[in-house]
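All remarks here apply to the structure that follows.
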Amino acid sequence: VHPALIPSFCGKGYYGLRVHEAALEYGVKVTGATVHFVNEIPDGGEIILQKAVDIQPTGAKKEAAPKGSYKILFTPVVLCVMIPIVLQGMLRDGITTWMPTYIGETYNLGAAVATLTGVALPLFAIVCQKLAAVIYGKFRGKPLPAAASFCALAVAACGLLLLGGNAAASVLGAAMLTGAMHGTNSVLIMLMPSHFRNTGHVSTISGTLNACVYIGSALSTYGFAALSDTAGWGGT
């Protein structure tokens, strides 16, 4: 997606805010977005569709070129959201990666059977991603209470995972837990950045929160393995 009406303001060097700055400097009254295929030429692929947007007569330049975008990352709200996103990335990807090993070693199941238990995780994740939009609507577009409801589900799932006592209960608990983390991800990363649109930093917030997920994922890949070696699966 290119943030202008190709062939205007496109090609090499036209990306991000530079596109909008060029449009405002030129003085056009209408800009827009273009969806196009990608080829070896910057913005040179076949156009799929375009949508025009009127440029606001006042204040547009000030909003289009915000300065010091990194400062928004150090506000209390963003910092408080970054921490649970790292943690949900650890839980979601850590359990998805290591659950077959955990099930196999804890309940002495064969590798093939243990691997098949992983099928439950993406199925429950799809349900929770759909549920995220419904819960978000119930809370009237407030992302933090919506995310908190998924955290409550995660707590219940942890209890089932720890106290279930059999492979089926553990798989269900793990599926509920990863599903809850997918729901949290949907609310905090896909829906919350729009609340910063008046600051002009939606892309900065969205990109940073996405990075936090991958940080958590990387930590879980090695952290779960190291922890299970030292503390066993019960401690992990």
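Residue numbering restarts at 1 for every chain of the structure tokens, chains are lettered A, B, ... in their displayed order, and ligands are numbered from 1 as they appear.
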- Message: When DSSP is applied to the backbone of this structure, which of region 26-230 of chain A are assigned strand (DSSP E)? Write them out as a list in words.
- Response: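 Filtering region 26-230 of chain A down to strand (DSSP E) leaves Val30, Thr31, Gly32, Ala33, Thr34, Val35, His36, Ile47, Ile48, Leu49, Gln50, Lys51, Ala52, Val53 and Asp54 of chain A.
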- Which parts of region 1-235 of chain A does DSSP call alpha helix (DSSP H) when run on the backbone here, written out as an NGL selection string? :A and (17-26 or 60-64 or 76-107 or 111-116 or 120-138 or 143-163 or 167-185 or 202-235)
Which residues of region 186-217 of chain A have any atom within 6 Å of an atom in region 71-94 of chain A when counting only C-alpha atoms, and what is the closest pair of atoms for each, with the distance in Å to one decimal? Order the rows by chain and rising number and write it as JSON lines.
{"residue": "A:Cys212", "atom": "CA", "partner": "A:Val86", "partner_atom": "CA", "distance": 5.0}
{"residue": "A:Val213", "atom": "CA", "partner": "A:Gly89", "partner_atom": "CA", "distance": 4.6}
{"residue": "A:Gly216", "atom": "CA", "partner": "A:Met90", "partner_atom": "CA", "distance": 4.4}
{"residue": "A:Ser217", "atom": "CA", "partner": "A:Met90", "partner_atom": "CA", "distance": 4.9}
Serialized selection, N, CA, C and O atoms, as a short mmCIF file (atom, residue, chain, number, x, y, z; two decimals), in the first residue's frame:
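Everything below was put into part38.cif:
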data_model
loop_
_atom_site.label_atom_id
_atom_site.label_comp_id
_atom_site.auth_asym_id
_atom_site.auth_seq_id
_atom_site.Cartn_x
_atom_site.Cartn_y
_atom_site.Cartn_z
N CYS A 212 7.79 -5.54 20.50
CA CYS A 212 7.75 -6.12 21.85
C CYS A 212 7.31 -7.58 21.82
O CYS A 212 7.78 -8.40 22.60
N VAL A 213 6.39 -7.90 20.91
CA VAL A 213 5.94 -9.29 20.78
C VAL A 213 7.10 -10.18 20.39
O VAL A 213 7.31 -11.27 20.95
N GLY A 216 9.52 -10.79 23.21
CA GLY A 216 9.01 -11.84 24.09
C GLY A 216 9.15 -13.22 23.47
O GLY A 216 9.51 -14.19 24.15
N SER A 217 8.87 -13.32 22.17
CA SER A 217 8.99 -14.59 21.47
C SER A 217 10.41 -15.11 21.50
O SER A 217 10.66 -16.31 21.75
#
- In Å, rounded to a single decimal, give me how far CA of Ala218 (chain A) is from CA of Phe124 (chain A).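 According to the coordinates, CA of Phe124 (chain A) and CA of Ala218 (chain A) are separated by 22.6 Å.
Candidate residues A:Thr199, A:Thr208, A:Thr106, A:Ser149 were compared for distance to Leu161 (chain A), and the nearest is A:Thr106, using only C-alpha atoms.
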Proximity check region 145-210 of chain A to region 5-19 of chain A, 12 Å, nearest pairs one decimal Å, only C-alpha atoms, as a Markdown table:
| residue | atom | partner | partner_atom | distance |
| --- | --- | --- | --- | --- |
| A:Gly200 | CA | A:Leu17 | CA | 10.4 |
| A:His201 | CA | A:Leu17 | CA | 11.0 |
| A:Ser203 | CA | A:Gly16 | CA | 9.4 |
| A:Thr204 | CA | A:Gly16 | CA | 11.1 |
- Selection: 10 Å around His36 (chain A), only C-alpha atoms, excl. self and same-chain fewer than 5 positions, as a ChimeraX atom specification: /A:1-2,6,43-50
Which polymer residues have any atom within 12 Å of an atom of Asn166 (chain A), counting only C-alpha atoms, with same-chain residues fewer than 6 positions away left out, as an mmCIF file with all heavy atoms, in the first residue's frame?
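Written file, result-v3.cif:
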data_model
loop_
_atom_site.group_PDB
_atom_site.id
_atom_site.type_symbol
_atom_site.label_atom_id
_atom_site.label_comp_id
_atom_site.auth_asym_id
_atom_site.auth_seq_id
_atom_site.Cartn_x
_atom_site.Cartn_y
_atom_site.Cartn_z
ATOM 1 N N ILE A 103 4.225 -32.015 26.988
ATOM 2 C CA ILE A 103 3.220 -33.079 27.075
ATOM 3 C C ILE A 103 3.882 -34.447 26.957
ATOM 4 O O ILE A 103 3.577 -35.380 27.707
ATOM 5 C CB ILE A 103 2.161 -32.908 25.966
ATOM 6 C CG1 ILE A 103 1.335 -31.633 26.222
ATOM 7 C CG2 ILE A 103 1.246 -34.122 25.887
ATOM 8 C CD1 ILE A 103 0.482 -31.675 27.456
ATOM 9 N N GLY A 104 4.807 -34.573 26.007
ATOM 10 C CA GLY A 104 5.474 -35.856 25.804
ATOM 11 C C GLY A 104 6.286 -36.295 27.002
ATOM 12 O O GLY A 104 6.235 -37.458 27.416
ATOM 13 N N THR A 106 6.096 -35.091 30.198
ATOM 14 C CA THR A 106 5.352 -35.148 31.456
ATOM 15 C C THR A 106 4.452 -36.375 31.526
ATOM 16 O O THR A 106 4.321 -37.003 32.582
ATOM 17 C CB THR A 106 4.507 -33.876 31.634
ATOM 18 O OG1 THR A 106 5.380 -32.730 31.584
ATOM 19 C CG2 THR A 106 3.774 -33.880 32.965
ATOM 20 N N TYR A 107 3.813 -36.717 30.401
ATOM 21 C CA TYR A 107 2.828 -37.803 30.409
ATOM 22 C C TYR A 107 3.302 -39.030 29.627
ATOM 23 O O TYR A 107 2.511 -39.939 29.363
ATOM 24 C CB TYR A 107 1.499 -37.301 29.850
ATOM 25 C CG TYR A 107 0.928 -36.165 30.676
ATOM 26 C CD1 TYR A 107 1.008 -34.853 30.222
ATOM 27 C CD2 TYR A 107 0.341 -36.408 31.913
ATOM 28 C CE1 TYR A 107 0.503 -33.809 30.988
ATOM 29 C CE2 TYR A 107 -0.166 -35.368 32.682
ATOM 30 C CZ TYR A 107 -0.080 -34.066 32.212
ATOM 31 O OH TYR A 107 -0.580 -33.035 32.973
ATOM 32 N N ASN A 108 4.604 -39.043 29.285
ATOM 33 C CA ASN A 108 5.209 -40.194 28.611
ATOM 34 C C ASN A 108 4.468 -40.598 27.331
ATOM 35 O O ASN A 108 4.199 -41.774 27.080
ATOM 36 C CB ASN A 108 5.269 -41.393 29.568
ATOM 37 C CG ASN A 108 6.136 -41.109 30.786
ATOM 38 O OD1 ASN A 108 7.225 -40.552 30.669
ATOM 39 N ND2 ASN A 108 5.641 -41.468 31.959
ATOM 40 N N LEU A 109 4.121 -39.589 26.543
ATOM 41 C CA LEU A 109 3.467 -39.847 25.267
ATOM 42 C C LEU A 109 4.515 -39.922 24.158
ATOM 43 O O LEU A 109 5.586 -39.308 24.254
ATOM 44 C CB LEU A 109 2.467 -38.735 24.947
ATOM 45 C CG LEU A 109 1.300 -38.558 25.923
ATOM 46 C CD1 LEU A 109 0.446 -37.382 25.491
ATOM 47 C CD2 LEU A 109 0.460 -39.821 26.008
ATOM 48 N N LEU A 160 -5.714 -24.549 35.183
ATOM 49 C CA LEU A 160 -6.037 -25.819 34.543
ATOM 50 C C LEU A 160 -4.768 -26.524 34.079
ATOM 51 O O LEU A 160 -4.631 -27.751 34.194
ATOM 52 C CB LEU A 160 -6.972 -25.581 33.356
ATOM 53 C CG LEU A 160 -7.532 -26.816 32.636
ATOM 54 C CD1 LEU A 160 -8.348 -27.665 33.595
ATOM 55 C CD2 LEU A 160 -8.388 -26.389 31.443
ATOM 56 N N LEU A 172 -5.861 -28.610 27.045
ATOM 57 C CA LEU A 172 -6.928 -27.610 27.073
ATOM 58 C C LEU A 172 -6.457 -26.329 27.755
ATOM 59 O O LEU A 172 -6.724 -25.220 27.274
ATOM 60 C CB LEU A 172 -8.147 -28.168 27.805
ATOM 61 C CG LEU A 172 -9.350 -27.221 27.936
ATOM 62 C CD1 LEU A 172 -9.854 -26.782 26.566
ATOM 63 C CD2 LEU A 172 -10.468 -27.878 28.740
ATOM 64 N N GLY A 173 -5.742 -26.467 28.869
ATOM 65 C CA GLY A 173 -5.222 -25.282 29.558
ATOM 66 C C GLY A 173 -4.254 -24.507 28.695
ATOM 67 O O GLY A 173 -4.298 -23.274 28.640
#
- Item | Nearby residues (only C-alpha atoms) at most 10 Å from Cys128 (chain A), same-chain spacing under 2 positions excluded, as a PyMOL selection string | chain A and resi 122-126+130-135+150+176+178-184+186
Export all heavy atoms of the chosen residues as a short mmCIF file (atom, residue, chain, number, x, y, z; two decimals), in the first residue's frame?
data_model
loop_
_atom_site.label_atom_id
_atom_site.label_comp_id
_atom_site.auth_asym_id
_atom_site.auth_seq_id
_atom_site.Cartn_x
_atom_site.Cartn_y
_atom_site.Cartn_z
N PRO A 122 -3.78 -23.55 17.57
CA PRO A 122 -4.25 -22.58 16.58
C PRO A 122 -5.76 -22.51 16.45
O PRO A 122 -6.31 -21.46 16.14
CB PRO A 122 -3.59 -23.06 15.27
CG PRO A 122 -3.24 -24.48 15.51
CD PRO A 122 -2.93 -24.60 16.96
N LEU A 123 -6.45 -23.64 16.69
CA LEU A 123 -7.91 -23.62 16.60
C LEU A 123 -8.50 -22.70 17.67
O LEU A 123 -9.39 -21.89 17.38
CB LEU A 123 -8.46 -25.04 16.76
CG LEU A 123 -8.11 -26.03 15.64
CD1 LEU A 123 -8.66 -27.41 15.96
CD2 LEU A 123 -8.66 -25.54 14.31
N PHE A 124 -8.02 -22.83 18.88
CA PHE A 124 -8.52 -21.98 19.96
C PHE A 124 -8.08 -20.54 19.76
O PHE A 124 -8.79 -19.60 20.13
CB PHE A 124 -8.03 -22.49 21.32
CG PHE A 124 -8.89 -22.10 22.47
CD1 PHE A 124 -10.04 -22.82 22.77
CD2 PHE A 124 -8.60 -20.99 23.24
CE1 PHE A 124 -10.86 -22.45 23.82
CE2 PHE A 124 -9.41 -20.61 24.30
CZ PHE A 124 -10.55 -21.36 24.59
N ALA A 125 -6.91 -20.33 19.14
CA ALA A 125 -6.42 -18.98 18.86
C ALA A 125 -7.36 -18.25 17.90
O ALA A 125 -7.64 -17.06 18.07
CB ALA A 125 -5.01 -19.04 18.29
N ILE A 126 -7.85 -18.96 16.89
CA ILE A 126 -8.78 -18.35 15.93
C ILE A 126 -10.05 -17.89 16.64
O ILE A 126 -10.55 -16.78 16.40
CB ILE A 126 -9.12 -19.36 14.81
CG1 ILE A 126 -7.89 -19.65 13.96
CG2 ILE A 126 -10.26 -18.84 13.94
CD1 ILE A 126 -8.07 -20.78 12.98
N LYS A 130 -11.41 -13.87 17.12
CA LYS A 130 -12.76 -13.41 16.79
C LYS A 130 -13.43 -12.81 18.02
O LYS A 130 -14.12 -11.80 17.95
CB LYS A 130 -13.60 -14.58 16.25
CG LYS A 130 -13.07 -15.20 14.97
CD LYS A 130 -13.18 -14.26 13.80
CE LYS A 130 -12.74 -14.94 12.50
NZ LYS A 130 -12.81 -14.01 11.35
N LEU A 131 -13.21 -13.46 19.16
CA LEU A 131 -13.81 -13.01 20.41
C LEU A 131 -13.28 -11.64 20.83
O LEU A 131 -13.99 -10.87 21.47
CB LEU A 131 -13.53 -14.04 21.51
CG LEU A 131 -14.26 -13.87 22.85
CD1 LEU A 131 -15.77 -13.92 22.67
CD2 LEU A 131 -13.80 -14.93 23.84
N ALA A 132 -12.03 -11.36 20.45
CA ALA A 132 -11.41 -10.09 20.83
C ALA A 132 -12.22 -8.90 20.32
O ALA A 132 -12.43 -7.91 21.03
CB ALA A 132 -9.98 -10.02 20.31
N ALA A 133 -12.67 -8.98 19.07
CA ALA A 133 -13.45 -7.88 18.49
C ALA A 133 -14.78 -7.70 19.23
O ALA A 133 -15.22 -6.57 19.46
CB ALA A 133 -13.70 -8.14 17.02
N VAL A 134 -15.40 -8.83 19.63
CA VAL A 134 -16.68 -8.76 20.35
C VAL A 134 -16.48 -8.12 21.72
O VAL A 134 -17.22 -7.22 22.13
CB VAL A 134 -17.28 -10.17 20.49
CG1 VAL A 134 -18.56 -10.12 21.33
CG2 VAL A 134 -17.57 -10.77 19.12
N ILE A 135 -15.45 -8.58 22.45
CA ILE A 135 -15.19 -8.04 23.79
C ILE A 135 -14.80 -6.57 23.71
O ILE A 135 -15.21 -5.75 24.54
CB ILE A 135 -14.08 -8.86 24.48
CG1 ILE A 135 -14.61 -10.27 24.78
CG2 ILE A 135 -13.61 -8.18 25.76
CD1 ILE A 135 -13.58 -11.18 25.40
N PHE A 150 -9.08 -10.90 28.92
CA PHE A 150 -8.32 -12.03 28.39
C PHE A 150 -7.26 -12.50 29.40
O PHE A 150 -6.95 -13.68 29.48
CB PHE A 150 -7.66 -11.66 27.06
CG PHE A 150 -8.59 -11.75 25.90
CD1 PHE A 150 -9.10 -10.62 25.29
CD2 PHE A 150 -8.97 -12.99 25.40
CE1 PHE A 150 -9.96 -10.71 24.22
CE2 PHE A 150 -9.84 -13.09 24.32
CZ PHE A 150 -10.33 -11.95 23.73
N MET A 176 -6.24 -22.73 25.95
CA MET A 176 -6.91 -21.54 26.49
C MET A 176 -5.92 -20.42 26.74
O MET A 176 -6.20 -19.25 26.46
CB MET A 176 -7.62 -21.90 27.79
CG MET A 176 -8.84 -22.79 27.62
SD MET A 176 -9.53 -23.31 29.22
CE MET A 176 -9.89 -21.71 29.99
N THR A 178 -2.82 -19.86 25.33
CA THR A 178 -2.32 -19.25 24.09
C THR A 178 -3.42 -18.48 23.38
O THR A 178 -3.18 -17.42 22.79
CB THR A 178 -1.74 -20.31 23.15
OG1 THR A 178 -2.71 -21.33 22.92
CG2 THR A 178 -0.49 -20.93 23.73
N GLY A 179 -4.66 -19.01 23.44
CA GLY A 179 -5.79 -18.28 22.84
C GLY A 179 -6.00 -16.94 23.51
O GLY A 179 -6.25 -15.92 22.85
N ALA A 180 -5.92 -16.92 24.84
CA ALA A 180 -6.08 -15.67 25.59
C ALA A 180 -4.98 -14.67 25.20
O ALA A 180 -5.22 -13.46 25.11
CB ALA A 180 -6.04 -15.94 27.09
N MET A 181 -3.77 -15.19 24.96
CA MET A 181 -2.68 -14.30 24.57
C MET A 181 -2.88 -13.77 23.15
O MET A 181 -2.54 -12.63 22.85
CB MET A 181 -1.34 -15.04 24.68
CG MET A 181 -0.94 -15.39 26.10
SD MET A 181 -0.86 -13.96 27.22
CE MET A 181 -2.45 -14.05 28.06
N HIS A 182 -3.47 -14.59 22.27
CA HIS A 182 -3.81 -14.09 20.93
C HIS A 182 -4.86 -12.99 21.03
O HIS A 182 -4.81 -11.99 20.30
CB HIS A 182 -4.33 -15.23 20.06
CG HIS A 182 -3.26 -16.03 19.39
ND1 HIS A 182 -2.54 -15.56 18.32
CD2 HIS A 182 -2.78 -17.27 19.65
CE1 HIS A 182 -1.67 -16.47 17.94
NE2 HIS A 182 -1.78 -17.52 18.72
N GLY A 183 -5.83 -13.16 21.93
CA GLY A 183 -6.84 -12.13 22.14
C GLY A 183 -6.24 -10.85 22.67
O GLY A 183 -6.56 -9.74 22.22
N THR A 184 -5.33 -11.00 23.65
CA THR A 184 -4.62 -9.82 24.19
C THR A 184 -3.83 -9.13 23.10
O THR A 184 -3.81 -7.89 23.00
CB THR A 184 -3.68 -10.25 25.32
OG1 THR A 184 -4.42 -10.95 26.33
CG2 THR A 184 -2.99 -9.05 25.96
N SER A 186 -4.45 -9.12 19.89
CA SER A 186 -5.36 -8.44 18.97
C SER A 186 -5.81 -7.10 19.52
O SER A 186 -5.86 -6.09 18.81
CB SER A 186 -6.59 -9.32 18.71
OG SER A 186 -6.22 -10.51 18.05
#
- Message: Rounded to one decimal, what separation in Å do you get between CA of Tyr136 (chain A) and CA of Leu191 (chain A)?
- Response: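 Computing the Euclidean distance for CA of Tyr136 (chain A) and CA of Leu191 (chain A) yields 8.6 Å.
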Just the residues within 9 Å of Ala4 (chain A), please, counting only C-alpha atoms, with nothing from its chain fewer than 6 positions along; format it as a PDB file with N, CA and C atoms, in the first residue's frame.
ATOM      1  N   CYS A  10       5.468   9.217  -5.895  1.00  0.00           N
ATOM      2  CA  CYS A  10       5.836   7.816  -5.743  1.00  0.00           C
ATOM      3  C   CYS A  10       7.219   7.589  -6.331  1.00  0.00           C
ATOM      4  N   VAL A  19       6.081  11.248   1.691  1.00  0.00           N
ATOM      5  CA  VAL A  19       5.024  11.302   0.679  1.00  0.00           C
ATOM      6  C   VAL A  19       4.049  12.421   1.005  1.00  0.00           C
ATOM      7  N   HIS A  20       3.604  12.481   2.273  1.00  0.00           N
ATOM      8  CA  HIS A  20       2.620  13.492   2.673  1.00  0.00           C
ATOM      9  C   HIS A  20       3.218  14.897   2.640  1.00  0.00           C
ATOM     10  N   ALA A  23       3.239  16.069  -0.917  1.00  0.00           N
ATOM     11  CA  ALA A  23       1.902  16.429  -1.387  1.00  0.00           C
ATOM     12  C   ALA A  23       1.478  17.789  -0.848  1.00  0.00           C
ATOM     13  N   THR A  31      -5.359  13.781  -2.013  1.00  0.00           N
ATOM     14  CA  THR A  31      -4.338  12.740  -2.039  1.00  0.00           C
ATOM     15  C   THR A  31      -5.060  11.407  -1.860  1.00  0.00           C
ATOM     16  N   GLY A  32      -4.387  10.388  -1.371  1.00  0.00           N
ATOM     17  CA  GLY A  32      -5.076   9.111  -1.200  1.00  0.00           C
ATOM     18  C   GLY A  32      -4.123   7.969  -0.975  1.00  0.00           C
ATOM     19  N   ALA A  33      -4.583   6.770  -1.288  1.00  0.00           N
ATOM     20  CA  ALA A  33      -3.767   5.563  -1.118  1.00  0.00           C
ATOM     21  C   ALA A  33      -3.927   4.672  -2.342  1.00  0.00           C
ATOM     22  N   THR A  34      -2.873   3.934  -2.643  1.00  0.00           N
ATOM     23  CA  THR A  34      -2.877   3.029  -3.783  1.00  0.00           C
ATOM     24  C   THR A  34      -2.442   1.635  -3.339  1.00  0.00           C
ATOM     25  N   GLN A  50      -7.398   2.246  -5.996  1.00  0.00           N
ATOM     26  CA  GLN A  50      -7.001   3.521  -5.403  1.00  0.00           C
ATOM     27  C   GLN A  50      -8.188   4.153  -4.694  1.00  0.00           C
ATOM     28  N   LYS A  51      -7.898   4.916  -3.656  1.00  0.00           N
ATOM     29  CA  LYS A  51      -8.938   5.640  -2.911  1.00  0.00           C
ATOM     30  C   LYS A  51      -8.449   7.053  -2.639  1.00  0.00           C
ATOM     31  N   ALA A  52      -9.262   8.042  -3.009  1.00  0.00           N
ATOM     32  CA  ALA A  52      -8.894   9.445  -2.839  1.00  0.00           C
ATOM     33  C   ALA A  52      -9.369   9.970  -1.490  1.00  0.00           C
TER      34      ALA A  52
END
- Residues within 10 Å of His195 (chain A), only C-alpha atoms, excluding chain neighbours under 3 positions, as a PyMOL selection string: chain A and resi 141-143+191-192+198-199+201-202+205
Hey, can you spit out that residue selection with all heavy atoms as a short mmCIF file (atom, residue, chain, number, x, y, z; two decimals), in the first residue's frame?
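Below you can see result37.cif, which holds the result:
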data_model
loop_
_atom_site.label_atom_id
_atom_site.label_comp_id
_atom_site.auth_asym_id
_atom_site.auth_seq_id
_atom_site.Cartn_x
_atom_site.Cartn_y
_atom_site.Cartn_z
N GLY A 141 -14.80 0.15 23.00
CA GLY A 141 -13.54 0.61 22.43
C GLY A 141 -12.46 0.93 23.43
O GLY A 141 -11.49 1.62 23.10
N LYS A 142 -12.56 0.41 24.67
CA LYS A 142 -11.52 0.63 25.68
C LYS A 142 -10.60 -0.59 25.70
O LYS A 142 -10.99 -1.66 26.17
CB LYS A 142 -12.14 0.86 27.05
CG LYS A 142 -12.99 2.13 27.12
CD LYS A 142 -13.61 2.30 28.49
CE LYS A 142 -14.46 3.58 28.54
NZ LYS A 142 -15.10 3.74 29.87
N PRO A 143 -9.36 -0.46 25.21
CA PRO A 143 -8.50 -1.63 25.03
C PRO A 143 -8.02 -2.27 26.32
O PRO A 143 -7.86 -3.49 26.40
CB PRO A 143 -7.34 -1.11 24.19
CG PRO A 143 -7.31 0.37 24.44
CD PRO A 143 -8.73 0.77 24.68
N LEU A 191 -5.72 -2.84 17.93
CA LEU A 191 -6.77 -1.86 18.21
C LEU A 191 -6.30 -0.66 19.00
O LEU A 191 -6.79 0.45 18.79
CB LEU A 191 -7.92 -2.56 18.95
CG LEU A 191 -8.56 -3.74 18.21
CD1 LEU A 191 -9.61 -4.41 19.08
CD2 LEU A 191 -9.17 -3.29 16.90
N MET A 192 -5.35 -0.86 19.91
CA MET A 192 -4.94 0.25 20.77
C MET A 192 -4.22 1.38 20.04
O MET A 192 -4.42 2.55 20.37
CB MET A 192 -4.07 -0.27 21.92
CG MET A 192 -3.76 0.83 22.94
SD MET A 192 -2.99 0.22 24.42
CE MET A 192 -2.86 1.75 25.34
N ASN A 198 -4.52 11.10 17.13
CA ASN A 198 -4.47 12.56 17.24
C ASN A 198 -3.05 13.08 17.47
O ASN A 198 -2.77 14.25 17.28
CB ASN A 198 -5.37 13.04 18.38
CG ASN A 198 -6.85 12.84 18.08
OD1 ASN A 198 -7.25 12.81 16.92
ND2 ASN A 198 -7.66 12.69 19.11
N THR A 199 -2.14 12.18 17.89
CA THR A 199 -0.75 12.60 18.09
C THR A 199 0.08 12.46 16.83
O THR A 199 1.20 12.97 16.77
CB THR A 199 -0.09 11.74 19.20
OG1 THR A 199 0.07 10.39 18.72
CG2 THR A 199 -0.94 11.73 20.46
N HIS A 201 1.26 9.59 15.76
CA HIS A 201 2.30 8.59 16.00
C HIS A 201 1.76 7.16 15.97
O HIS A 201 2.30 6.28 16.63
CB HIS A 201 2.96 8.84 17.36
CG HIS A 201 3.62 10.18 17.48
ND1 HIS A 201 4.60 10.59 16.60
CD2 HIS A 201 3.44 11.20 18.36
CE1 HIS A 201 5.00 11.81 16.95
NE2 HIS A 201 4.31 12.20 18.00
N VAL A 202 0.70 6.93 15.23
CA VAL A 202 0.11 5.60 15.20
C VAL A 202 1.12 4.57 14.69
O VAL A 202 1.25 3.47 15.25
CB VAL A 202 -1.16 5.59 14.31
CG1 VAL A 202 -1.66 4.17 14.12
CG2 VAL A 202 -2.25 6.43 14.95
N ILE A 205 3.80 3.78 17.39
CA ILE A 205 3.25 2.95 18.46
C ILE A 205 3.05 1.52 17.97
O ILE A 205 3.45 0.55 18.62
CB ILE A 205 1.92 3.53 18.97
CG1 ILE A 205 2.13 4.91 19.58
CG2 ILE A 205 1.28 2.59 19.98
CD1 ILE A 205 2.97 4.91 20.83
#
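Relative to CA of Asn39 (chain A), CA of Asn210 (chain A) is found at 26.3 Å.
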